[in-house]
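Asker: Dropping in my_file18.cif, which is mmCIF, C-alpha atoms and all ligand atoms:
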data_structure
#
loop_
_atom_site.group_PDB
_atom_site.id
_atom_site.type_symbol
_atom_site.label_atom_id
_atom_site.label_comp_id
_atom_site.auth_asym_id
_atom_site.auth_seq_id
_atom_site.Cartn_x
_atom_site.Cartn_y
_atom_site.Cartn_z
ATOM 1 C CA MET A 7 20.791 32.728 -3.394
ATOM 2 C CA ILE A 8 21.578 35.380 -0.806
ATOM 3 C CA CYS A 9 20.189 34.798 2.679
ATOM 4 C CA ALA A 10 19.833 37.827 4.938
ATOM 5 C CA LEU A 11 20.754 36.629 8.401
ATOM 6 C CA PRO A 12 19.288 38.624 11.297
ATOM 7 C CA GLN A 13 21.918 40.868 12.929
ATOM 8 C CA ARG A 14 20.347 40.624 16.362
ATOM 9 C CA VAL A 15 17.626 38.423 17.721
ATOM 10 C CA PRO A 16 14.728 40.694 18.736
ATOM 11 C CA PRO A 17 13.951 41.000 22.477
ATOM 12 C CA LEU A 18 11.319 38.705 23.944
ATOM 13 C CA PRO A 19 7.710 39.827 23.440
ATOM 14 C CA VAL A 20 6.326 41.589 26.493
ATOM 15 C CA GLU A 21 3.804 38.812 27.247
ATOM 16 C CA TYR A 22 6.661 36.363 27.915
ATOM 17 C CA LEU A 23 8.212 38.708 30.452
ATOM 18 C CA GLY A 24 5.230 38.405 32.781
ATOM 19 C CA GLY A 25 5.866 34.686 33.117
ATOM 20 C CA CYS A 26 9.586 35.244 33.700
ATOM 21 C CA PHE A 27 8.915 37.831 36.436
ATOM 22 C CA ARG A 28 6.270 35.625 38.111
ATOM 23 C CA GLY A 29 8.628 32.634 38.056
ATOM 24 C CA LEU A 30 11.505 34.638 39.502
ATOM 25 C CA HIS A 31 9.259 36.261 42.098
ATOM 26 C CA PHE A 32 7.958 32.845 43.194
ATOM 27 C CA CYS A 33 11.513 31.475 43.509
ATOM 28 C CA LEU A 34 12.704 34.502 45.500
ATOM 29 C CA VAL A 35 9.727 34.381 47.866
ATOM 30 C CA GLU A 36 10.320 30.691 48.459
ATOM 31 C CA MET A 37 14.035 31.210 49.017
ATOM 32 C CA SER A 38 13.399 34.192 51.249
ATOM 33 C CA ALA A 39 11.041 32.078 53.358
ATOM 34 C CA LEU A 40 13.838 29.590 53.760
ATOM 35 C CA SER A 41 16.378 32.377 54.369
ATOM 36 C CA ASP A 42 18.606 30.609 51.881
ATOM 37 C CA LYS A 43 20.715 33.477 50.585
ATOM 38 C CA ARG A 44 23.054 31.215 48.651
ATOM 39 C CA ALA A 45 20.121 29.756 46.726
ATOM 40 C CA MET A 46 18.719 33.268 46.142
ATOM 41 C CA ARG A 47 22.018 34.376 44.677
ATOM 42 C CA LEU A 48 22.033 31.300 42.420
ATOM 43 C CA VAL A 49 18.512 32.030 41.147
ATOM 44 C CA LEU A 50 19.429 35.658 40.439
ATOM 45 C CA LYS A 51 22.600 34.527 38.648
ATOM 46 C CA ILE A 52 20.638 32.131 36.446
ATOM 47 C CA ALA A 53 17.892 34.677 35.760
ATOM 48 C CA LYS A 54 20.249 37.583 34.971
ATOM 49 C CA PRO A 55 21.014 36.571 31.360
ATOM 50 C CA VAL A 56 17.273 36.297 30.679
ATOM 51 C CA PHE A 57 16.620 39.794 31.955
ATOM 52 C CA ASP A 58 19.758 41.192 30.310
ATOM 53 C CA TYR A 59 18.436 39.789 27.053
ATOM 54 C CA ALA A 60 14.841 40.903 27.506
ATOM 55 C CA LEU A 61 15.656 44.258 29.139
ATOM 56 C CA PRO A 62 19.066 45.206 27.760
ATOM 57 C CA GLU A 63 21.162 47.870 29.405
ATOM 58 C CA ARG A 64 20.544 51.271 27.909
ATOM 59 C CA CYS A 65 22.773 54.309 27.577
ATOM 60 C CA PRO A 66 21.875 56.703 30.445
ATOM 61 C CA SER A 67 22.253 59.645 28.106
ATOM 62 C CA CYS A 68 20.451 58.824 24.840
ATOM 63 C CA GLY A 69 18.681 55.550 25.712
ATOM 64 C CA ALA A 70 20.349 53.467 22.980
ATOM 65 C CA ILE A 71 21.042 49.823 23.826
ATOM 66 C CA SER A 72 24.560 49.564 25.235
ATOM 67 C CA THR A 73 26.223 46.200 24.756
ATOM 68 C CA ASP A 74 29.869 46.826 25.519
ATOM 69 C CA GLY A 75 29.581 47.041 29.297
ATOM 70 C CA THR A 76 30.601 50.712 29.473
ATOM 71 C CA ASN A 77 27.021 51.887 30.241
ATOM 72 C CA PHE A 78 27.241 54.689 27.718
ATOM 73 C CA CYS A 79 26.717 53.871 24.047
ATOM 74 C CA ALA A 80 29.725 54.297 21.777
ATOM 75 C CA GLY A 81 28.441 57.632 20.410
ATOM 76 C CA CYS A 82 27.965 59.210 23.831
ATOM 77 C CA TRP A 83 31.148 57.643 25.168
ATOM 78 C CA LEU A 84 33.144 59.377 22.444
ATOM 79 C CA GLN A 85 31.493 62.725 23.230
ATOM 80 C CA ILE A 86 32.325 62.637 26.938
ATOM 81 C CA ARG A 87 35.615 64.091 28.056
ATOM 82 C CA PHE A 88 36.825 61.852 30.876
ATOM 83 C CA LEU A 89 39.324 63.658 33.080
ATOM 84 C CA ASN A 90 42.631 61.967 33.781
ATOM 85 C CA PRO A 91 46.244 62.925 34.520
ATOM 86 C CA PRO A 92 48.396 64.714 33.620
ATOM 87 C CA TRP A 93 46.752 67.371 35.741
ATOM 88 C CA CYS A 94 47.459 69.775 38.572
ATOM 89 C CA GLU A 95 47.908 67.678 41.690
ATOM 90 C CA SER A 96 45.767 70.141 43.595
ATOM 91 C CA CYS A 97 42.890 71.391 41.443
ATOM 92 C CA ALA A 98 43.168 68.644 38.765
ATOM 93 C CA LEU A 99 43.318 71.206 35.985
ATOM 94 C CA PRO A 100 44.420 69.134 32.955
ATOM 95 C CA PHE A 101 47.955 69.822 31.707
ATOM 96 C CA ASP A 102 48.702 69.766 28.008
ATOM 97 C CA TYR A 103 51.795 67.646 28.549
ATOM 98 C CA GLU A 104 53.288 65.276 31.116
ATOM 99 C CA ARG A 105 54.838 66.946 34.146
ATOM 100 C CA SER A 106 56.578 65.594 37.205
ATOM 101 C CA ALA A 107 54.460 63.879 39.848
ATOM 102 C CA GLY A 108 52.851 66.338 42.238
ATOM 103 C CA ALA A 109 53.141 69.330 39.851
ATOM 104 C CA ARG A 110 50.709 72.178 40.502
ATOM 105 C CA CYS A 111 49.275 74.806 38.190
ATOM 106 C CA ALA A 112 50.255 78.487 38.452
ATOM 107 C CA ALA A 113 46.992 79.441 40.166
ATOM 108 C CA CYS A 114 47.413 76.813 42.915
ATOM 109 C CA LEU A 115 51.053 77.798 43.444
ATOM 110 C CA ALA A 116 50.132 81.498 43.711
ATOM 111 C CA ASP A 117 47.130 80.982 45.971
ATOM 112 C CA PRO A 118 47.050 77.479 47.499
ATOM 113 C CA PRO A 119 43.426 76.330 47.795
ATOM 114 C CA ARG A 120 41.828 75.160 51.009
ATOM 115 C CA HIS A 121 41.140 71.680 49.610
ATOM 116 C CA ASP A 122 43.737 68.961 49.058
ATOM 117 C CA GLY A 123 42.688 68.119 45.531
ATOM 118 C CA ILE A 124 39.694 67.961 43.232
ATOM 119 C CA ARG A 125 38.864 64.738 41.442
ATOM 120 C CA ALA A 126 36.141 64.999 38.809
ATOM 121 C CA ALA A 127 35.150 62.119 36.558
ATOM 122 C CA VAL A 128 34.191 64.152 33.493
ATOM 123 C CA ALA A 129 34.213 67.630 32.017
ATOM 124 C CA TYR A 130 30.943 69.495 32.314
ATOM 125 C CA ASP A 131 28.926 69.780 29.108
ATOM 126 C CA SER A 132 25.321 69.305 28.016
ATOM 127 C CA LEU A 133 25.588 65.497 28.063
ATOM 128 C CA THR A 134 27.217 65.140 31.487
ATOM 129 C CA ARG A 135 24.913 67.861 32.847
ATOM 130 C CA THR A 136 21.948 65.738 31.730
ATOM 131 C CA ILE A 137 23.238 62.796 33.759
ATOM 132 C CA ALA A 138 23.555 64.978 36.868
ATOM 133 C CA LEU A 139 20.075 66.455 36.420
ATOM 134 C CA ARG A 140 18.456 63.053 35.818
ATOM 135 C CA LEU A 141 19.895 61.851 39.095
ATOM 136 C CA LYS A 142 19.068 64.997 41.036
ATOM 137 C CA TYR A 143 15.639 65.925 39.722
ATOM 138 C CA GLY A 144 14.601 62.894 37.661
ATOM 139 C CA GLY A 145 14.905 60.379 40.471
ATOM 140 C CA ARG A 146 17.193 58.113 38.412
ATOM 141 C CA ILE A 147 19.052 57.040 41.535
ATOM 142 C CA GLY A 148 20.783 54.164 39.710
ATOM 143 C CA LEU A 149 22.954 56.829 38.070
ATOM 144 C CA ALA A 150 24.681 57.355 41.423
ATOM 145 C CA LYS A 151 26.278 53.922 41.022
ATOM 146 C CA LEU A 152 27.418 54.757 37.518
ATOM 147 C CA ILE A 153 28.976 58.024 38.724
ATOM 148 C CA ALA A 154 30.653 56.308 41.674
ATOM 149 C CA ARG A 155 32.184 53.704 39.369
ATOM 150 C CA HIS A 156 33.753 56.468 37.290
ATOM 151 C CA LEU A 157 34.995 58.259 40.404
ATOM 152 C CA ALA A 158 36.449 55.128 41.984
ATOM 153 C CA ARG A 159 39.409 55.182 39.584
ATOM 154 C CA HIS A 160 40.560 58.433 41.238
ATOM 155 C CA LEU A 161 40.589 57.088 44.795
ATOM 156 C CA PRO A 162 43.988 57.453 46.492
ATOM 157 C CA ALA A 163 46.217 54.374 46.696
ATOM 158 C CA ASP A 164 46.577 54.784 50.459
ATOM 159 C CA ARG A 165 43.044 54.679 51.807
ATOM 160 C CA THR A 166 43.847 54.059 55.441
ATOM 161 C CA GLY A 167 41.309 55.771 57.644
ATOM 162 C CA VAL A 168 39.688 57.708 54.801
ATOM 163 C CA ILE A 169 36.052 58.679 55.441
ATOM 164 C CA VAL A 170 33.622 59.593 52.661
ATOM 165 C CA VAL A 171 31.299 62.496 53.507
ATOM 166 C CA PRO A 172 28.591 63.903 51.206
ATOM 167 C CA VAL A 173 27.704 67.579 50.870
ATOM 168 C CA PRO A 174 24.510 67.706 52.949
ATOM 169 C CA LEU A 175 21.062 68.958 52.008
ATOM 170 C CA HIS A 176 18.917 70.977 54.349
ATOM 171 C CA TRP A 177 16.394 68.652 55.987
ATOM 172 C CA THR A 178 13.454 70.363 54.278
ATOM 173 C CA ARG A 179 14.989 69.779 50.852
ATOM 174 C CA LEU A 180 15.839 66.204 51.773
ATOM 175 C CA TRP A 181 12.242 65.724 52.868
ATOM 176 C CA SER A 182 10.839 67.085 49.612
ATOM 177 C CA ARG A 183 13.302 65.258 47.326
ATOM 178 C CA SER A 184 13.492 62.108 49.500
ATOM 179 C CA PHE A 185 17.168 61.548 48.760
ATOM 180 C CA ASN A 186 20.471 63.388 48.665
ATOM 181 C CA GLN A 187 22.116 62.701 45.317
ATOM 182 C CA SER A 188 25.599 63.379 46.732
ATOM 183 C CA ALA A 189 24.992 60.910 49.550
ATOM 184 C CA LEU A 190 23.982 58.189 47.078
ATOM 185 C CA ILE A 191 27.206 58.710 45.137
ATOM 186 C CA ALA A 192 29.260 58.865 48.354
ATOM 187 C CA GLN A 193 27.744 55.657 49.717
ATOM 188 C CA GLU A 194 28.548 53.709 46.578
ATOM 189 C CA LEU A 195 32.027 55.228 46.340
ATOM 190 C CA ALA A 196 32.734 54.183 49.931
ATOM 191 C CA ARG A 197 31.496 50.668 49.197
ATOM 192 C CA LEU A 198 33.642 50.347 46.084
ATOM 193 C CA GLY A 199 36.738 51.650 47.845
ATOM 194 C CA GLY A 200 36.202 49.856 51.159
ATOM 195 C CA LEU A 201 36.132 53.242 52.925
ATOM 196 C CA GLY A 202 34.287 54.586 55.930
ATOM 197 C CA TYR A 203 31.049 56.424 55.173
ATOM 198 C CA ALA A 204 29.583 59.185 57.322
ATOM 199 C CA PRO A 205 26.428 60.595 55.688
ATOM 200 C CA ASP A 206 25.574 62.767 58.694
ATOM 201 C CA MET A 207 29.023 64.168 59.462
ATOM 202 C CA LEU A 208 28.011 67.559 58.057
ATOM 203 C CA LEU A 209 24.736 69.368 58.594
ATOM 204 C CA ARG A 210 23.257 72.191 56.565
ATOM 205 C CA THR A 211 21.694 74.545 59.083
ATOM 206 C CA LYS A 212 20.027 76.944 56.670
ATOM 207 C CA ARG A 213 18.038 76.352 53.535
ATOM 208 C CA THR A 214 19.932 78.344 50.921
ATOM 209 C CA PRO A 215 18.076 79.780 47.934
ATOM 210 C CA SER A 216 18.861 78.532 44.443
ATOM 211 C CA LEU A 217 22.358 79.657 43.540
ATOM 212 C CA ARG A 218 21.868 79.360 39.806
ATOM 213 C CA ARG A 219 21.893 83.009 38.908
ATOM 214 C CA LEU A 220 24.315 84.240 41.549
ATOM 215 C CA SER A 221 27.897 85.309 40.937
ATOM 216 C CA ALA A 222 30.782 83.527 42.655
ATOM 217 C CA LYS A 223 30.932 86.251 45.328
ATOM 218 C CA GLU A 224 27.181 86.104 45.953
ATOM 219 C CA ARG A 225 27.324 82.307 46.201
ATOM 220 C CA ARG A 226 30.087 82.437 48.803
ATOM 221 C CA LYS A 227 28.010 84.913 50.805
ATOM 222 C CA ALA A 228 24.881 82.740 50.480
ATOM 223 C CA VAL A 229 26.565 79.604 51.854
ATOM 224 C CA ALA A 230 28.642 81.333 54.547
ATOM 225 C CA LYS A 231 28.029 79.748 57.952
ATOM 226 C CA VAL A 232 25.514 77.331 56.463
ATOM 227 C CA PHE A 233 27.417 74.170 57.401
ATOM 228 C CA ARG A 234 28.403 72.723 60.737
ATOM 229 C CA THR A 235 29.617 69.350 61.911
ATOM 230 C CA ASN A 236 27.298 66.932 63.639
ATOM 231 C CA PRO A 237 28.042 67.301 67.396
ATOM 232 C CA ALA A 238 27.663 63.536 67.823
ATOM 233 C CA LYS A 239 30.242 62.773 65.124
ATOM 234 C CA ALA A 240 32.675 65.711 65.116
ATOM 235 C CA HIS A 241 35.105 63.974 67.502
ATOM 236 C CA LEU A 242 35.740 61.356 64.774
ATOM 237 C CA LEU A 243 37.247 64.003 62.478
ATOM 238 C CA SER A 244 40.441 64.729 64.370
ATOM 239 C CA GLY A 245 43.403 64.007 62.091
ATOM 240 C CA LYS A 246 41.210 62.129 59.620
ATOM 241 C CA ARG A 247 41.404 62.211 55.823
ATOM 242 C CA ILE A 248 38.082 63.049 54.217
ATOM 243 C CA ILE A 249 36.717 62.595 50.719
ATOM 244 C CA LEU A 250 33.925 65.131 50.271
ATOM 245 C CA VAL A 251 31.418 64.198 47.559
ATOM 246 C CA ASP A 252 29.274 66.568 45.501
ATOM 247 C CA ASP A 253 27.484 65.939 42.218
ATOM 248 C CA VAL A 254 28.667 68.900 40.134
ATOM 249 C CA LEU A 255 31.397 71.401 40.894
ATOM 250 C CA THR A 256 29.973 74.861 40.454
ATOM 251 C CA THR A 257 31.891 77.906 41.647
ATOM 252 C CA GLY A 258 33.201 75.826 44.513
ATOM 253 C CA ALA A 259 31.437 78.004 47.093
ATOM 254 C CA THR A 260 29.391 75.141 48.568
ATOM 255 C CA SER A 261 32.257 72.658 48.705
ATOM 256 C CA ASP A 262 34.591 75.322 50.104
ATOM 257 C CA GLY A 263 32.122 75.974 52.933
ATOM 258 C CA CYS A 264 32.085 72.247 53.727
ATOM 259 C CA ILE A 265 35.882 71.916 53.561
ATOM 260 C CA LYS A 266 36.339 74.923 55.840
ATOM 261 C CA THR A 267 33.985 73.334 58.380
ATOM 262 C CA LEU A 268 35.662 69.909 58.184
ATOM 263 C CA LYS A 269 39.160 71.334 58.612
ATOM 264 C CA LYS A 270 38.087 73.566 61.470
ATOM 265 C CA ALA A 271 36.825 70.429 63.208
ATOM 266 C CA GLY A 272 40.220 68.737 62.830
ATOM 267 C CA ALA A 273 40.246 66.945 59.466
ATOM 268 C CA SER A 274 43.845 66.820 58.247
ATOM 269 C CA TRP A 275 43.148 66.375 54.520
ATOM 270 C CA VAL A 276 40.017 66.944 52.451
ATOM 271 C CA GLN A 277 39.739 66.034 48.801
ATOM 272 C CA LEU A 278 36.659 66.874 46.738
ATOM 273 C CA PHE A 279 35.153 64.242 44.436
ATOM 274 C CA CYS A 280 32.462 65.231 41.942
ATOM 275 C CA TRP A 281 30.887 63.892 38.779
ATOM 276 C CA ALA A 282 31.506 66.877 36.462
ATOM 277 C CA ARG A 283 33.388 70.147 36.481
ATOM 278 C CA ALA A 284 33.520 72.954 33.953
ATOM 279 C CA LEU A 285 36.576 73.587 31.828
ATOM 280 C CA ARG A 286 36.989 76.284 29.238
ATOM 281 C CA ASP A 287 38.135 75.366 25.749
ATOM 282 C CA ASP A 288 41.669 76.175 26.792
ATOM 283 C CA GLY A 289 41.379 73.629 29.606
ATOM 284 C CA HIS A 290 41.138 76.125 32.455
ATOM 285 C CA ALA A 291 38.637 75.679 35.217
ATOM 286 C CA THR A 292 35.679 78.003 34.988
ATOM 287 C CA PRO A 293 32.660 78.576 37.208
ATOM 288 C CA ILE A 294 29.304 77.107 36.298
ATOM 289 C CA PHE A 295 26.326 79.341 36.910
ATOM 290 C CA ASP A 296 23.487 77.274 35.517
ATOM 291 C CA ALA A 297 23.959 73.834 36.999
ATOM 292 C CA GLY A 298 21.868 74.427 40.050
ATOM 293 C CA ASP A 299 22.903 73.925 43.623
ATOM 294 C CA ALA A 300 21.621 72.336 46.801
HETATM 295 ZN ZN ZN B 1 24.170 57.229 24.203
HETATM 296 ZN ZN ZN B 2 45.782 73.797 40.223
#
Take the structure from the file and write it as structure tokens.
Answerer:
Amino acid sequence: MICALPQRVPPLPVEYLGGCFRGLHFCLVEMSALSDKRAMRLVLKIAKPVFDYALPERCPSCGAISTDGTNFCAGCWLQIRFLNPPWCESCALPFDYERSAGARCAACLADPPRHDGIRAAVAYDSLTRTIALRLKYGGRIGLAKLIARHLARHLPADRTGVIVVPVPLHWTRLWSRSFNQSALIAQELARLGGLGYAPDMLLRTKRTPSLRRLSAKERRKAVAKVFRTNPAKAHLLSGKRIILVDDVLTTGATSDGCIKTLKKAGASWVQLFCWARALRDDGHATPIFDAGDA
């Protein structure tokens, strides 16, 4: 006789979850009243497997249950192009073959960029664009932690005195959106790397219009003189190394405006970290005109 064994035990029925949540809530309230953080941590540790079982981690792209601890399901993971060396030391343009450490591409040699390197976690495509948009417009702020974890592998070995600074939003946009997606990524990246974090080092003085349909030249014009350093913090920049964080690298006009401002104020080294950047099929960097900005 052939017995069909279940491949996976089904998640707990919803009615059981209410009891679990009430029990955990009661324990946490009691522990909080006693200010016993060690006991709170213990309760959360014990309860975690229950919630992991009942509410399994799901792929942030397609929603499938992800069980291998990579966040993305296997199908999405295979679709994503994670960016790694060998690449141009400056713009991180992927090389087709291994080159000596510190090698730069022809474009960076011919016209050295203002920045001191670009570090993007993934190549820009419809899947990685969805992740960025869900964070930015969908309010899925937990995705900032996921992005920061993927960026953390590109942090420099020598992190002495490095400060993480996000590309700022204009205060009106921050007020309407209630969070700055770049700041959320920057904060988590700083925590993971044990780095300084200065969310208000840069200020955006003008509310720029949507840059989606503008050319690279028009974008540069739109963000010119939009950024300035915070007068209360600018003195901290002298000689400092800065990691500037943005969500998606578009034409580079916005980040270039920020880097120009940071260097003018005395920063000695500015590297740009972002979730996704566009690459053509031949591997060359290319501007993105539809990802949105600000
Ligand atoms: Zn998936
Ligand atoms: Zn380059």
Asker: Which residues are near stretch 233-239 of chain A? Cut-off 7 Å, only C-alpha atoms, ignore same chain within fewer than 5 positions. Put them as a ChimeraX atom specification.
Answerer: /A:206-211,263-264,267
Asker: Would you work out the distance separating atom CA of A:Val251 from atom CA of A:Val232, expressed in Å to one decimal?
Answerer: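 Going from atom CA of A:Val251 over to atom CA of A:Val232 covers 16.9 Å.
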Asker: Which residues are near ligand ZN 2 (chain B) - at most 7 Å, using only C-alpha atoms and all ligand atoms? Format: as a list in words.
Answerer: Cys94, Glu95, Ser96, Cys97, Ala98, Leu99, Arg110, Cys111, Ala112, Ala113 and Cys114 of chain A
Asker: Compile the contact shell of A:Ile169 as a list in words: residues with an atom at most 7 Å away, counting all atoms listed in the file, same-chain residues fewer than 6 positions apart removed.
Answerer: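 So the residues in contact are Leu201, Gly202, Tyr203, Ala204, Arg247, Ile248 and Ile249 of chain A.
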Asker: Could you list, as a PDB file with C-alpha atoms, keeping the file's coordinate frame, all residues that come within 9 Å of ligand ZN 1 (chain B)? Count all atoms listed in the file.
Answerer:
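Written out: selection_37.pdb:
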ATOM      1  CA  ARG A  64      20.544  51.271  27.909  1.00  0.00           C
ATOM      2  CA  CYS A  65      22.773  54.309  27.577  1.00  0.00           C
ATOM      3  CA  PRO A  66      21.875  56.703  30.445  1.00  0.00           C
ATOM      4  CA  SER A  67      22.253  59.645  28.106  1.00  0.00           C
ATOM      5  CA  CYS A  68      20.451  58.824  24.840  1.00  0.00           C
ATOM      6  CA  GLY A  69      18.681  55.550  25.712  1.00  0.00           C
ATOM      7  CA  ALA A  70      20.349  53.467  22.980  1.00  0.00           C
ATOM      8  CA  ILE A  71      21.042  49.823  23.826  1.00  0.00           C
ATOM      9  CA  SER A  72      24.560  49.564  25.235  1.00  0.00           C
ATOM     10  CA  ASN A  77      27.021  51.887  30.241  1.00  0.00           C
ATOM     11  CA  PHE A  78      27.241  54.689  27.718  1.00  0.00           C
ATOM     12  CA  CYS A  79      26.717  53.871  24.047  1.00  0.00           C
ATOM     13  CA  ALA A  80      29.725  54.297  21.777  1.00  0.00           C
ATOM     14  CA  GLY A  81      28.441  57.632  20.410  1.00  0.00           C
ATOM     15  CA  CYS A  82      27.965  59.210  23.831  1.00  0.00           C
ATOM     16  CA  TRP A  83      31.148  57.643  25.168  1.00  0.00           C
TER      17      TRP A  83
END
